[in-house]
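*Asks:* This is structure_9.cif (mmCIF, C-alpha atoms).
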data_final
loop_
_atom_site.label_atom_id
_atom_site.label_comp_id
_atom_site.auth_asym_id
_atom_site.auth_seq_id
_atom_site.Cartn_x
_atom_site.Cartn_y
_atom_site.Cartn_z
CA MET A 1 0.00 0.00 0.00
CA SER A 2 1.57 3.25 -1.05
CA HIS A 3 0.97 6.73 0.22
CA LYS A 4 1.51 9.95 -1.60
CA TYR A 5 1.69 11.82 1.68
CA PRO A 6 3.83 11.62 4.81
CA SER A 7 2.44 10.82 8.22
CA PHE A 8 3.15 13.04 11.21
CA LEU A 9 4.27 12.71 14.79
CA SER A 10 1.20 12.68 16.98
CA ARG A 11 0.14 15.93 18.60
CA ASP A 12 1.05 16.01 22.29
CA ARG A 13 -2.21 17.03 23.90
CA THR A 14 -0.70 17.20 27.37
CA TRP A 15 1.63 19.91 26.04
CA GLN A 16 -1.02 21.78 24.08
CA PRO A 17 -3.81 23.50 26.05
CA GLU A 18 -6.82 21.54 27.28
CA PRO A 19 -10.16 22.64 25.85
CA TYR A 20 -11.68 23.37 29.29
CA THR A 21 -9.67 26.12 31.00
CA PRO A 22 -12.03 27.94 33.40
CA GLY A 23 -9.55 30.77 34.04
CA TYR A 24 -10.31 31.77 30.46
CA LYS A 25 -14.07 32.09 30.85
CA THR A 26 -15.17 31.77 27.23
CA SER A 27 -13.66 28.28 27.07
CA VAL A 28 -16.19 26.97 29.60
CA ALA A 29 -19.16 26.76 27.23
CA ARG A 30 -17.04 26.17 24.14
CA SER A 31 -15.05 23.13 25.25
CA PRO A 32 -16.06 19.61 24.21
CA ARG A 33 -16.59 17.28 27.17
CA GLN A 34 -16.34 13.97 25.30
CA ALA A 35 -12.93 12.48 24.58
CA LEU A 36 -11.55 13.08 21.11
CA VAL A 37 -11.85 10.08 18.79
CA SER A 38 -8.29 9.13 17.94
CA LEU A 39 -7.67 7.83 14.44
CA GLN A 40 -5.43 4.80 14.75
CA ARG A 41 -4.05 5.45 11.30
CA ALA A 42 -4.38 8.75 9.50
CA SER A 43 -5.82 8.56 6.00
CA ASP A 44 -4.92 10.66 2.98
CA SER A 45 -7.60 13.07 4.21
CA GLU A 46 -5.48 14.02 7.21
CA ARG A 47 -2.04 13.61 5.63
CA SER A 48 -2.65 15.85 2.66
CA GLY A 49 -3.17 19.60 2.62
CA PRO A 50 -3.22 22.69 0.45
CA VAL A 51 -0.17 24.34 -1.10
CA PHE A 52 -0.51 28.01 -1.95
CA ASP A 53 1.71 28.40 -5.03
CA GLY A 54 -1.34 29.59 -6.91
CA LEU A 55 -2.31 32.28 -4.38
CA GLU A 56 -1.26 35.71 -5.57
CA ILE A 57 0.56 37.40 -2.72
CA GLY A 58 0.72 41.17 -3.15
CA GLN A 59 3.92 43.21 -2.96
CA TYR A 60 2.97 44.74 0.40
CA ASP A 61 1.09 41.80 1.90
CA ASN A 62 3.90 41.26 4.45
CA ASP A 63 4.50 44.97 5.05
CA LEU A 64 1.98 46.43 7.48
CA LEU A 65 3.70 49.81 7.41
CA MET A 66 2.68 50.09 3.78
CA ASN A 67 -0.38 47.95 3.11
CA PHE A 68 -3.05 50.19 4.64
CA ARG A 69 -2.17 53.82 4.06
CA ALA A 70 -4.98 56.36 4.05
CA GLU A 71 -3.13 58.72 1.72
CA TRP A 72 -0.58 57.06 -0.50
CA GLU A 73 0.51 60.31 -2.04
CA GLN A 74 1.22 61.80 1.41
CA ALA A 75 3.10 58.64 2.42
CA GLY A 76 1.30 58.40 5.76
CA LEU A 77 2.85 55.84 8.09
CA PRO A 78 1.35 54.12 11.12
CA ILE A 79 2.04 55.37 14.65
CA GLY A 80 4.13 53.08 16.83
CA GLU A 81 7.44 51.31 17.28
CA ARG A 82 8.64 50.06 13.91
CA ILE A 83 9.55 46.38 14.10
CA ILE A 84 10.48 43.41 11.97
CA MET A 85 8.99 40.11 13.00
CA HIS A 86 10.84 37.25 11.39
CA GLY A 87 11.65 33.60 11.88
CA GLN A 88 11.75 30.16 10.47
CA VAL A 89 9.04 27.55 10.19
CA ILE A 90 10.59 24.19 11.03
CA ASP A 91 9.20 20.83 11.99
CA GLN A 92 9.89 18.88 15.16
CA PHE A 93 12.98 17.34 13.55
CA GLY A 94 14.35 20.82 12.85
CA LYS A 95 13.69 20.47 9.13
CA PRO A 96 12.71 23.72 7.41
CA VAL A 97 9.16 23.99 6.07
CA PRO A 98 9.53 25.86 2.78
CA ASN A 99 6.77 27.31 0.66
CA THR A 100 4.09 27.39 3.33
CA LEU A 101 1.54 30.08 4.13
CA VAL A 102 2.11 32.25 7.21
CA GLU A 103 -0.62 34.77 8.08
CA MET A 104 -0.80 37.28 10.93
CA TRP A 105 -3.11 39.93 12.35
CA GLN A 106 -2.84 42.37 15.22
CA ALA A 107 -4.07 45.48 17.02
CA ASN A 108 -2.48 48.86 16.32
CA ALA A 109 0.01 50.58 18.64
CA GLY A 110 -2.86 51.74 20.87
CA GLY A 111 -4.26 48.23 21.29
CA LYS A 112 -7.23 48.77 18.95
CA TYR A 113 -8.21 46.31 16.22
CA ARG A 114 -9.55 47.47 12.89
CA HIS A 115 -12.65 45.31 13.26
CA LYS A 116 -16.35 46.18 13.28
CA LYS A 117 -16.74 44.50 16.66
CA ASP A 118 -13.84 46.07 18.58
CA GLY A 119 -15.33 48.65 20.93
CA TYR A 120 -12.15 49.61 22.86
CA LEU A 121 -11.84 53.39 23.29
CA ALA A 122 -8.32 53.66 21.82
CA PRO A 123 -8.43 55.22 18.34
CA LEU A 124 -7.97 53.57 14.98
CA ASP A 125 -4.85 54.54 13.10
CA PRO A 126 -5.79 55.78 9.62
CA ASN A 127 -2.57 54.32 8.25
CA PHE A 128 -2.76 50.89 9.86
CA GLY A 129 -4.87 47.86 8.94
CA GLY A 130 -3.24 45.03 10.89
CA VAL A 131 -3.13 42.09 8.49
CA GLY A 132 -0.22 40.37 6.77
CA ARG A 133 0.63 37.19 4.93
CA CYS A 134 3.58 35.63 3.15
CA ILE A 135 4.95 32.33 1.90
CA THR A 136 8.08 30.89 3.52
CA ASP A 137 11.23 30.73 1.37
CA ALA A 138 13.32 27.65 0.57
CA GLU A 139 14.73 27.65 4.13
CA GLY A 140 11.31 28.08 5.72
CA ARG A 141 11.94 31.75 6.55
CA TYR A 142 9.28 34.44 6.75
CA ARG A 143 9.34 38.16 7.53
CA PHE A 144 6.82 40.91 8.31
CA ARG A 145 7.37 44.62 8.83
CA THR A 146 4.90 46.21 11.22
CA VAL A 147 4.50 48.21 14.43
CA ARG A 148 4.51 46.69 17.88
CA PRO A 149 0.87 46.27 18.95
CA GLY A 150 -0.37 47.76 22.22
CA PRO A 151 -1.83 45.83 25.15
CA TYR A 152 -5.57 46.20 25.75
CA PRO A 153 -8.18 45.38 28.39
CA TRP A 154 -10.80 42.68 27.88
CA PRO A 155 -13.74 41.35 29.86
CA ASN A 156 -12.72 38.17 31.67
CA GLY A 157 -11.75 38.97 35.26
CA VAL A 158 -11.97 42.21 37.22
CA ASN A 159 -9.12 43.93 35.37
CA THR A 160 -7.68 41.68 32.69
CA TRP A 161 -5.29 42.87 30.01
CA ARG A 162 -3.89 41.13 26.99
CA PRO A 163 -0.11 41.39 26.69
CA ALA A 164 1.03 42.84 23.37
CA HIS A 165 0.64 40.04 20.84
CA ILE A 166 0.44 39.20 17.18
CA HIS A 167 -1.85 36.39 16.03
CA VAL A 168 0.02 33.93 13.81
CA SER A 169 -1.45 31.27 11.55
CA VAL A 170 0.62 28.63 9.78
CA MET A 171 -0.49 25.87 7.44
CA GLY A 172 2.53 23.57 7.15
CA PRO A 173 2.60 20.68 4.67
CA SER A 174 -0.72 19.12 5.74
CA ILE A 175 -3.94 19.85 7.58
CA SER A 176 -2.31 17.81 10.37
CA THR A 177 0.26 20.58 10.89
CA ARG A 178 -2.29 23.42 10.89
CA LEU A 179 -1.67 25.76 13.82
CA ILE A 180 -2.85 29.13 15.08
CA THR A 181 -1.01 30.77 17.95
CA GLN A 182 -0.14 34.18 19.36
CA MET A 183 3.32 35.70 19.45
CA TYR A 184 4.28 37.62 22.59
CA PHE A 185 7.24 39.93 23.22
CA GLU A 186 10.19 39.04 25.43
CA GLY A 187 10.10 40.86 28.76
CA ASP A 188 6.43 41.89 28.72
CA PRO A 189 5.26 41.84 32.38
CA LEU A 190 1.66 41.20 31.28
CA ILE A 191 2.50 37.74 29.88
CA PRO A 192 2.34 35.82 33.20
CA LEU A 193 -0.87 37.66 34.21
CA CYS A 194 -2.83 36.71 31.11
CA PRO A 195 -5.57 34.04 31.44
CA ILE A 196 -5.18 33.12 27.76
CA VAL A 197 -1.43 32.52 28.20
CA GLN A 198 -2.23 30.57 31.38
CA VAL A 199 -4.20 27.94 29.44
CA LEU A 200 -0.73 26.40 28.96
CA LYS A 201 0.29 24.36 31.98
CA ASP A 202 3.98 24.01 31.15
CA PRO A 203 6.07 27.21 31.41
CA GLU A 204 8.20 25.89 28.54
CA ALA A 205 5.12 25.79 26.35
CA VAL A 206 4.63 29.50 27.08
CA GLU A 207 8.26 30.09 26.08
CA THR A 208 7.53 28.73 22.60
CA MET A 209 5.22 31.72 22.06
CA ILE A 210 7.60 34.47 23.17
CA ALA A 211 9.58 36.22 20.45
CA ARG A 212 13.14 37.23 21.28
CA LEU A 213 14.61 40.64 20.61
CA ASP A 214 17.07 40.11 17.76
CA MET A 215 19.56 42.97 17.53
CA THR A 216 21.44 41.20 14.72
CA ARG A 217 18.50 41.85 12.42
CA SER A 218 17.46 45.27 13.66
CA LYS A 219 18.33 48.23 11.46
CA PRO A 220 20.08 51.25 13.04
CA MET A 221 17.93 54.39 13.02
CA ASP A 222 14.97 52.41 11.60
CA TYR A 223 13.51 49.33 13.32
CA LEU A 224 13.98 46.67 16.00
CA ALA A 225 13.69 43.00 15.10
CA TYR A 226 11.99 40.15 16.93
CA ARG A 227 12.65 36.56 16.09
CA PHE A 228 9.81 34.06 16.30
CA ASP A 229 10.43 30.53 15.09
CA ILE A 230 7.43 28.26 14.59
CA VAL A 231 7.63 24.50 15.08
CA VAL A 232 5.02 22.32 13.39
CA ARG A 233 4.50 18.59 13.79
CA GLY A 234 7.31 16.47 12.40
CA ALA A 235 6.81 14.70 9.07
CA LEU A 236 7.81 11.03 9.07
CA GLN A 237 9.40 10.35 5.73
CA THR A 238 7.72 7.01 5.18
CA TYR A 239 5.81 7.78 2.04
CA PHE A 240 5.65 4.07 1.19
CA GLU A 241 4.71 1.64 3.86
CA GLU A 242 3.57 -1.97 4.26
CA MET B 243 20.99 31.23 15.79
CA TYR B 244 19.27 32.62 18.86
CA SER B 245 15.74 31.31 19.09
CA GLN B 246 13.07 30.63 21.70
CA TYR B 247 13.35 26.86 21.24
CA LYS B 248 14.81 24.26 23.54
CA LEU B 249 15.23 20.59 22.76
CA GLN B 250 12.78 18.18 24.21
CA ASP B 251 14.37 16.34 27.13
CA ASP B 252 13.64 12.72 26.36
CA SER B 253 13.70 12.24 22.59
CA GLY B 254 15.65 15.21 21.30
CA LEU B 255 12.70 16.40 19.24
CA LEU B 256 11.52 19.97 19.22
CA ARG B 257 8.20 20.70 20.84
CA GLU B 258 5.35 21.88 18.64
CA THR B 259 4.68 25.59 19.12
CA ALA B 260 1.86 26.01 21.63
CA SER B 261 -1.59 26.85 20.30
CA GLN B 262 -3.71 29.84 21.31
CA THR B 263 -7.26 30.84 20.51
CA SER B 264 -7.80 32.63 17.22
CA GLY B 265 -9.78 35.20 19.24
CA PRO B 266 -12.81 37.30 18.26
CA PHE B 267 -11.00 39.28 15.57
CA VAL B 268 -9.71 36.36 13.51
CA HIS B 269 -11.47 37.88 10.50
CA ILE B 270 -8.86 40.63 10.21
CA GLY B 271 -6.32 37.98 9.32
CA LEU B 272 -8.31 35.19 7.69
CA ALA B 273 -11.70 36.55 6.58
CA LEU B 274 -11.08 40.17 5.67
CA GLU B 275 -14.47 41.17 4.34
CA ILE B 276 -16.13 40.05 7.59
CA ALA B 277 -13.89 42.41 9.58
CA GLY B 278 -14.87 45.26 7.27
CA PHE B 279 -11.73 45.27 5.13
CA GLU B 280 -11.50 45.55 1.41
CA SER B 281 -10.44 42.14 0.15
CA ARG B 282 -6.99 41.77 -1.39
CA PRO B 283 -7.00 40.73 -5.06
CA ASP B 284 -6.67 37.04 -4.16
CA GLU B 285 -8.22 35.55 -1.01
CA ILE B 286 -8.93 32.11 0.41
CA TRP B 287 -12.69 32.05 0.79
CA GLN B 288 -15.84 29.97 0.63
CA ASP B 289 -16.30 29.24 -3.09
CA LEU B 290 -14.28 26.07 -3.66
CA ALA B 291 -16.14 25.16 -6.84
CA LYS B 292 -16.72 27.62 -9.61
CA GLU B 293 -18.62 27.21 -12.83
CA GLY B 294 -17.08 24.38 -14.80
CA ALA B 295 -15.92 22.36 -11.81
CA GLU B 296 -16.56 18.66 -12.37
CA GLY B 297 -19.05 16.90 -10.14
CA GLU B 298 -22.27 17.62 -8.32
CA HIS B 299 -22.34 21.22 -7.13
CA ILE B 300 -23.57 21.57 -3.57
CA GLU B 301 -23.74 24.00 -0.68
CA LEU B 302 -22.43 23.04 2.75
CA VAL B 303 -23.78 25.20 5.56
CA GLY B 304 -24.10 25.04 9.33
CA HIS B 305 -24.14 26.78 12.67
CA VAL B 306 -21.71 26.26 15.51
CA TYR B 307 -23.43 26.05 18.92
CA ASP B 308 -21.89 26.36 22.37
CA GLY B 309 -22.92 24.43 25.50
CA ASN B 310 -25.66 26.96 26.26
CA GLY B 311 -27.21 26.51 22.83
CA GLU B 312 -25.99 29.91 21.70
CA ALA B 313 -24.68 30.32 18.15
CA VAL B 314 -20.94 30.98 18.02
CA HIS B 315 -20.79 33.98 15.75
CA ASP B 316 -17.03 34.47 15.84
CA ALA B 317 -16.23 30.95 14.60
CA LEU B 318 -14.01 30.56 11.57
CA ILE B 319 -14.35 27.33 9.62
CA GLU B 320 -11.81 25.75 7.29
CA ILE B 321 -12.58 22.82 5.04
CA TRP B 322 -10.36 20.48 3.05
CA GLN B 323 -11.84 17.93 0.70
CA ALA B 324 -11.20 15.70 -2.28
CA ASP B 325 -12.52 16.56 -5.73
CA SER B 326 -15.46 14.68 -7.25
CA HIS B 327 -13.10 11.85 -8.30
CA GLY B 328 -11.79 11.34 -4.78
CA ASN B 329 -8.42 13.02 -5.37
CA TYR B 330 -6.92 15.64 -3.12
CA ILE B 331 -5.72 18.55 -5.26
CA SER B 332 -2.95 20.16 -3.26
CA ASN B 333 -2.49 23.21 -5.43
CA PHE B 334 -4.78 26.00 -4.25
CA ASP B 335 -5.59 28.29 -7.16
CA ASN B 336 -8.63 30.55 -7.47
CA LYS B 337 -8.12 30.60 -11.23
CA GLU B 338 -8.93 26.87 -11.39
CA PRO B 339 -12.56 25.71 -11.36
CA PHE B 340 -11.99 23.72 -8.16
CA SER B 341 -9.75 24.08 -5.11
CA GLY B 342 -9.96 21.66 -2.20
CA PHE B 343 -9.47 24.23 0.55
CA GLY B 344 -11.75 27.02 1.74
CA ARG B 345 -12.69 29.24 4.65
CA SER B 346 -15.97 30.66 5.88
CA ALA B 347 -17.23 32.49 8.97
CA CYS B 348 -20.41 32.34 11.05
CA ALA B 349 -20.51 36.11 11.60
CA LEU B 350 -23.51 37.08 9.49
CA ASP B 351 -26.60 34.87 10.00
CA GLY B 352 -24.75 32.28 12.11
CA ASP B 353 -24.15 29.91 9.19
CA PHE B 354 -20.85 29.12 7.60
CA HIS B 355 -21.49 28.73 3.91
CA PHE B 356 -19.45 26.85 1.31
CA HIS B 357 -20.08 26.38 -2.39
CA THR B 358 -18.34 23.21 -3.44
CA VAL B 359 -18.78 19.84 -5.13
CA LYS B 360 -19.60 16.60 -3.43
CA PRO B 361 -16.27 14.84 -2.90
CA GLY B 362 -15.63 11.37 -4.28
CA GLN B 363 -14.57 8.39 -2.22
CA VAL B 364 -10.99 8.30 -0.98
CA ASP B 365 -9.13 5.05 -0.42
CA PHE B 366 -8.12 3.98 3.08
CA TYR B 367 -5.77 0.96 3.00
CA GLY B 368 -7.82 -0.71 0.29
CA LYS B 369 -11.24 0.25 1.63
CA PRO B 370 -13.20 3.26 0.40
CA MET B 371 -14.04 6.01 2.86
CA ALA B 372 -17.50 7.48 2.32
CA PRO B 373 -17.54 10.97 0.76
CA HIS B 374 -16.62 13.49 3.44
CA VAL B 375 -15.35 16.99 4.05
CA ASN B 376 -12.62 17.61 6.66
CA ILE B 377 -13.47 20.52 8.93
CA ALA B 378 -11.41 22.64 11.35
CA ILE B 379 -13.15 24.99 13.80
CA PHE B 380 -11.47 28.06 15.25
CA ALA B 381 -13.09 30.52 17.66
CA ARG B 382 -12.66 32.66 20.72
CA GLY B 383 -12.67 30.27 23.68
CA ILE B 384 -11.27 27.37 21.62
CA ASN B 385 -7.65 26.98 22.70
CA LEU B 386 -6.69 24.50 19.99
CA HIS B 387 -8.78 24.16 16.86
CA LEU B 388 -11.24 21.27 16.70
CA GLN B 389 -11.24 18.75 13.86
CA THR B 390 -14.22 16.88 12.52
CA ARG B 391 -15.68 15.44 9.29
CA ALA B 392 -18.97 16.04 7.53
CA TYR B 393 -20.50 13.02 5.78
CA PHE B 394 -23.69 13.09 3.70
CA ASP B 395 -27.05 11.62 4.68
CA ASP B 396 -27.83 10.48 1.12
CA GLU B 397 -24.74 8.23 1.07
CA GLN B 398 -26.13 5.74 3.55
CA GLU B 399 -24.57 2.64 2.01
CA ALA B 400 -21.11 4.20 1.75
CA ASN B 401 -21.42 5.61 5.26
CA GLU B 402 -22.20 2.15 6.66
CA GLN B 403 -19.01 0.80 5.07
CA CYS B 404 -16.73 3.72 5.97
CA PRO B 405 -13.82 2.50 8.14
CA ILE B 406 -13.35 5.90 9.80
CA LEU B 407 -17.03 6.43 10.58
CA ASN B 408 -17.15 2.89 11.98
CA SER B 409 -14.16 3.61 14.19
CA VAL B 410 -16.30 6.02 16.22
CA PRO B 411 -17.16 3.83 19.22
CA SER B 412 -20.77 4.99 19.70
CA ALA B 413 -23.16 4.37 16.80
CA GLU B 414 -25.35 7.11 18.26
CA ARG B 415 -22.54 9.65 18.14
CA ARG B 416 -21.71 8.77 14.50
CA LYS B 417 -24.93 10.59 13.63
CA THR B 418 -23.32 13.87 14.66
CA LEU B 419 -21.02 13.50 11.63
CA ILE B 420 -23.80 13.29 9.04
CA ALA B 421 -24.84 16.43 7.16
CA LYS B 422 -28.53 16.57 6.31
CA LYS B 423 -29.83 17.46 2.89
CA GLU B 424 -32.30 20.33 2.90
CA GLN B 425 -34.09 22.54 0.39
CA GLY B 426 -31.49 24.78 -1.27
CA ASP B 427 -31.51 27.52 -3.88
CA GLY B 428 -31.18 25.56 -7.10
CA LYS B 429 -28.58 23.06 -5.90
CA PRO B 430 -28.51 20.55 -3.09
CA ARG B 431 -27.73 22.07 0.27
CA TYR B 432 -26.38 20.06 3.18
CA ARG B 433 -26.62 21.30 6.75
CA PHE B 434 -23.88 20.32 9.19
CA ASP B 435 -24.49 21.97 12.55
CA ILE B 436 -21.61 21.62 14.99
CA TYR B 437 -22.27 21.25 18.72
CA LEU B 438 -19.23 22.07 20.83
CA GLN B 439 -20.78 20.65 23.99
CA GLY B 440 -23.95 19.05 25.37
CA ASP B 441 -26.17 16.08 24.53
CA GLU B 442 -25.57 16.40 20.82
CA GLU B 443 -21.84 17.13 21.08
CA THR B 444 -20.19 16.59 17.70
CA VAL B 445 -17.48 13.95 17.40
CA PHE B 446 -14.07 15.60 17.18
CA PHE B 447 -11.00 13.73 16.00
CA ASP B 448 -7.41 13.54 17.06
CA PHE B 449 -5.03 12.63 14.23
#
Transcribe the structure of this file into structure tokens.
*Replies:*
Amino acid sequence: MSHKYPSFLSRDRTWQPEPYTPGYKTSVARSPRQALVSLQRASDSERSGPVFDGLEIGQYDNDLLMNFRAEWEQAGLPIGERIIMHGQVIDQFGKPVPNTLVEMWQANAGGKYRHKKDGYLAPLDPNFGGVGRCITDAEGRYRFRTVRPGPYPWPNGVNTWRPAHIHVSVMGPSISTRLITQMYFEGDPLIPLCPIVQVLKDPEAVETMIARLDMTRSKPMDYLAYRFDIVVRGALQTYFEE
Amino acid sequence: MYSQYKLQDDSGLLRETASQTSGPFVHIGLALEIAGFESRPDEIWQDLAKEGAEGEHIELVGHVYDGNGEAVHDALIEIWQADSHGNYISNFDNKEPFSGFGRSACALDGDFHFHTVKPGQVDFYGKPMAPHVNIAIFARGINLHLQTRAYFDDEQEANEQCPILNSVPSAERRKTLIAKKEQGDGKPRYRFDIYLQGDEETVFFDF
């Protein structure tokens, strides 16, 4: 029996967050209570996945300083600390994941999202949208230029604040490697206070979400850089089995 | 190179990056028009099958309900399916009549809404799996996306033979994986409501 697709290391669900995490209140009514049904062997349905060669990525899709300017002719730029967010998508064996879709979205420097439903009193920035996407290169590397998002309050406990974060979505080679996470910034004192961060039980799991200041990639008189590597499930290179 | 990763203690493998909820504003990143953005020239969205795609054109719709019976309006749904011949077409391309991957959101009337074709049967170690659509559910309050499958209620014979459907221990719970045909606008419409919790909790898979 041959397979066109690799299989993947199983997802460690003691490492990943549990569905029911009452400290994060919304999870209470949105968490399944039955055990997951574990597929003993994954089929081609789970092993395969989309490749986005055919998706037309625009010139500024990974440049949030440029991709939402109110007045192009006046070269308006967003308010906030200019940063580069970059890293490598690799699998659990350390193998680069080339040619995969990385998407991100975030609040502006004041902690306000450009979304119909965000009612926070901080203002929108006329020159900032907050969405980016790109495809990793041959070494699995990706890069976005943006501003550092602001923290913001949200209704969960008496006075809960989200640490500054950027939402990150990665496809990987299969729907089995699909992952959405949030990238936090090294040294942010709000990280350990956040109920959404606290859904992770293992402090090392939290570390996987914290980008490191990377002075080697920052540009003097222009921007700071943060490095955020993303690890997806490891592909077992047994395309032909049995 | 300096990175946030440490080796796993026991096996030397790296740990998968931890998952976090997609949050209430997921649309900014993955469903731009729902957030109120102008779409970019090329987006991943809910029309998998365009005119000229081979196979039976169908709609796949559904609500997502929480444990209180409330519709989850900030859910984002991704689907991945075979074409009408039972082949997975990896290359996503909106210029082609059919792509196997799509996204939709429950933000408007509570339904996600896909235009696609009914997938063909896919082989599983020599046995056919009944036609099905693979579904991932993301939402505020969901820490790690949920994975399920939608089968079709007019494929009863194939469903009874499907090795994956039969691997669900409770015959009663298998019913939560069957989309129901309903009156559509010109083409067959299948409803697949997803229950995150409660008596009718949908079967979710680990793979």
*Asks:* Take the PyMOL selection byres ((chain B) within 7 of (chain A)), run it mentally on this structure, and tell me the resulting residues as a ChimeraX atom specification.
*Replies:* /B:245-247,255-264,267,270-271,277-278,284,308-310,332-335,343,366-367,383-386,410,438-439,445-449
*Asks:* So the first atom is atom CA of B:His305 and the second is atom CA of B:Pro411; what is the distance between them in Å, to one decimal place?
*Replies:*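 If I compute the distance from atom CA of B:His305 to atom CA of B:Pro411, I get 24.9 Å.
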*Asks:* Which residues, written as a ChimeraX atom specification, have at least one atom at most 6 Å from B:Gly344, with only C-alpha atoms counted and residues fewer than 4 positions away on the same chain left out?
*Replies:* /B:286-288,320-321
*Asks:* Decode the PyMOL selection byres ((chain B and resi 389) around 7) for the given file into explicit residues and return them as a PyMOL selection string.
*Replies:* chain B and resi 377-379+387-388+390+446-447
*Asks:* Since we have the selection now, will you write its residues out, keeping C-alpha atoms, as a compact mmCIF listing (two decimals), keeping the file's coordinate frame?
*Replies:*
# COMPACT_ATOMS: atom_id res chain seq x y z
CA ILE B 377 -13.47 20.52 8.93
CA ALA B 378 -11.41 22.64 11.35
CA ILE B 379 -13.15 24.99 13.80
CA HIS B 387 -8.78 24.16 16.86
CA LEU B 388 -11.24 21.27 16.70
CA THR B 390 -14.22 16.88 12.52
CA PHE B 446 -14.07 15.60 17.18
CA PHE B 447 -11.00 13.73 16.00
*Asks:* Selection in question (the file shown): the PyMOL selection byres ((chain A and resi 82) around 12). Which residues does it include, as a PDB file with C-alpha atoms, in the coordinates of the input?
*Replies:*
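Below is the file selection_22.pdb, written as the result:
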ATOM      1  CA  ASP A  63       4.500  44.970   5.050  1.00  0.00           C
ATOM      2  CA  LEU A  64       1.980  46.430   7.480  1.00  0.00           C
ATOM      3  CA  LEU A  65       3.700  49.810   7.410  1.00  0.00           C
ATOM      4  CA  MET A  66       2.680  50.090   3.780  1.00  0.00           C
ATOM      5  CA  LEU A  77       2.850  55.840   8.090  1.00  0.00           C
ATOM      6  CA  PRO A  78       1.350  54.120  11.120  1.00  0.00           C
ATOM      7  CA  ILE A  79       2.040  55.370  14.650  1.00  0.00           C
ATOM      8  CA  GLY A  80       4.130  53.080  16.830  1.00  0.00           C
ATOM      9  CA  GLU A  81       7.440  51.310  17.280  1.00  0.00           C
ATOM     10  CA  ILE A  83       9.550  46.380  14.100  1.00  0.00           C
ATOM     11  CA  ILE A  84      10.480  43.410  11.970  1.00  0.00           C
ATOM     12  CA  MET A  85       8.990  40.110  13.000  1.00  0.00           C
ATOM     13  CA  ASN A 108      -2.480  48.860  16.320  1.00  0.00           C
ATOM     14  CA  ALA A 109       0.010  50.580  18.640  1.00  0.00           C
ATOM     15  CA  PHE A 144       6.820  40.910   8.310  1.00  0.00           C
ATOM     16  CA  ARG A 145       7.370  44.620   8.830  1.00  0.00           C
ATOM     17  CA  THR A 146       4.900  46.210  11.220  1.00  0.00           C
ATOM     18  CA  VAL A 147       4.500  48.210  14.430  1.00  0.00           C
ATOM     19  CA  ARG A 148       4.510  46.690  17.880  1.00  0.00           C
ATOM     20  CA  PRO A 149       0.870  46.270  18.950  1.00  0.00           C
ATOM     21  CA  SER A 218      17.460  45.270  13.660  1.00  0.00           C
ATOM     22  CA  LYS A 219      18.330  48.230  11.460  1.00  0.00           C
ATOM     23  CA  PRO A 220      20.080  51.250  13.040  1.00  0.00           C
ATOM     24  CA  MET A 221      17.930  54.390  13.020  1.00  0.00           C
ATOM     25  CA  ASP A 222      14.970  52.410  11.600  1.00  0.00           C
ATOM     26  CA  TYR A 223      13.510  49.330  13.320  1.00  0.00           C
ATOM     27  CA  LEU A 224      13.980  46.670  16.000  1.00  0.00           C
ATOM     28  CA  ALA A 225      13.690  43.000  15.100  1.00  0.00           C
ATOM     29  CA  TYR A 226      11.990  40.150  16.930  1.00  0.00           C
TER      30      TYR A 226
END
*Asks:* Using all atoms listed in the file, which of the listed residues (B:Asn408, B:Gly265, B:Ala413, B:Glu280) sits closest to A:Ile166?
*Replies:*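 Ranked by minimum distance to A:Ile166, first place goes to B:Gly265.
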*Asks:* Report the distance between atom CA of B:Phe356 and atom CA of B:Glu301 in Å, rounded to one decimal place.
*Replies:*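 Spanning atom CA of B:Phe356 to atom CA of B:Glu301 is a straight-line distance of 5.5 Å.
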*Asks:* Between atom CA of B:Phe380 and atom CA of B:Tyr393, what is the spacing in Å?
*Replies:*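 If I compute the distance from atom CA of B:Tyr393 to atom CA of B:Phe380, I get 19.9 Å.
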